[in-house]
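Peer 1: Encoded as structure tokens, here's the structure I'll be asking about.
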Amino acid sequence: MANLYHNDRLIVAYASINQSTKDWSAGAEITWKRDGQRFSHSVGGLTDRFKSSDDAERFVINLAKAWIDSNP
């Protein structure tokens, strides 16, 4: 699991292993506050599979950063 900030938004990235195929999938939660309210966005349901948890997390972190940059 990786936690990092990008443009004042917290990204919590995680990887999950498929026990049958030994492939990894990824997801992330993005949270932030604006005007005293808390907001969140989930990145999930991805069909991409990876050979390592690091690769999965790196992929979803880049995807989350791109979403943040597109949704200021």
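Numbering starts fresh at 1 for the residues of each chain in the structure tokens, the chains themselves are lettered A, B, ... in the order given, and ligands are numbered from 1 as they appear.
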Could you give me, as a PyMOL selection string, the residues within 10 Å of Asp55 in chain A, counting only C-alpha atoms and dropping anything in the same chain fewer than 6 positions from it?
Peer 2: chain A and resi 15+24-26+49+61
Peer 1: What lies within 12 Å of Leu4 in chain A using only C-alpha atoms, ignoring chain neighbours under 2 positions off, as an mmCIF file with C-alpha atoms, in the first residue's frame?
Peer 2:
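Written output follows (out.cif):
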```
data_model
loop_
_atom_site.group_PDB
_atom_site.id
_atom_site.type_symbol
_atom_site.label_atom_id
_atom_site.label_comp_id
_atom_site.auth_asym_id
_atom_site.auth_seq_id
_atom_site.Cartn_x
_atom_site.Cartn_y
_atom_site.Cartn_z
ATOM 1 C CA MET A 1 0.000 0.000 0.000
ATOM 2 C CA ALA A 2 1.264 3.460 -0.858
ATOM 3 C CA HIS A 6 -0.453 15.096 -5.253
ATOM 4 C CA ASN A 7 -1.744 18.667 -5.605
ATOM 5 C CA ASP A 8 -3.059 18.642 -2.011
ATOM 6 C CA ARG A 9 -4.993 15.417 -2.541
ATOM 7 C CA LEU A 10 -4.248 12.185 -0.748
ATOM 8 C CA ILE A 11 -3.823 9.078 -2.893
ATOM 9 C CA VAL A 12 -4.077 5.714 -1.139
ATOM 10 C CA ALA A 13 -2.992 3.078 -3.656
ATOM 11 C CA TYR A 14 -3.260 -0.661 -3.081
ATOM 12 C CA ALA A 28 -6.810 3.743 -5.331
ATOM 13 C CA GLU A 29 -8.803 6.164 -3.211
ATOM 14 C CA ILE A 30 -8.323 9.889 -3.699
ATOM 15 C CA THR A 31 -9.507 12.201 -0.908
ATOM 16 C CA GLU A 57 0.692 0.365 -7.444
ATOM 17 C CA ARG A 58 2.945 2.408 -9.732
ATOM 18 C CA ILE A 61 -0.645 6.042 -8.798
ATOM 19 C CA ASN A 62 0.034 7.441 -12.264
ATOM 20 C CA ALA A 64 -4.725 8.740 -9.965
ATOM 21 C CA LYS A 65 -2.326 11.633 -10.607
#
```
Peer 1: Of the candidates A:Ser70, A:Leu63, A:Ser16, A:Phe39, which one gets nearest to Lys51 in chain A if we count only C-alpha atoms?
Peer 2: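 Of the candidates, the smallest distance to Lys51 in chain A is held by A:Ser16.
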Peer 1: Return as a ChimeraX atom specification the full set of residues in chain A whose backbone-based DSSP assignment is helix (DSSP H, G or I).
Peer 2: /A:53-70
Peer 1: I need the residues in range 18-62 of chain A that are strand (DSSP E) according to DSSP; give them as a PyMOL selection string.
Peer 2: chain A and resi 24-34+37-43
Peer 1: When you count only C-alpha atoms, which of these residues is closest to Gly44 in chain A: A:Tyr5, A:Gly27, A:Trp32, A:Phe59?
Peer 2: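 Checking each candidate against Gly44 in chain A, we get A:Gly27 as the closest.
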Peer 1: So, counting only C-alpha atoms, which residue among A:Thr47, A:Asn3, A:Gln37, A:Ser52 is closest to Asp23 in chain A?
Peer 2: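 Using only C-alpha atoms, the shortest distance to Asp23 in chain A belongs to A:Ser52.
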Peer 1: Quick one: pull the distance between CA of Gly36 in chain A and CA of Val60 in chain A, Å, one decimal.
Peer 2: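 That distance, rounded to one decimal, is 27.4 Å.
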Peer 1: Quick one, how far is CA of Asp48 in chain A from CA of Pro72 in chain A?
Peer 2: 25.7 Å
Peer 1: How many Å lie between CA of Lys33 in chain A and CA of Leu46 in chain A, rounded to one decimal?
Peer 2: 25.7 Å
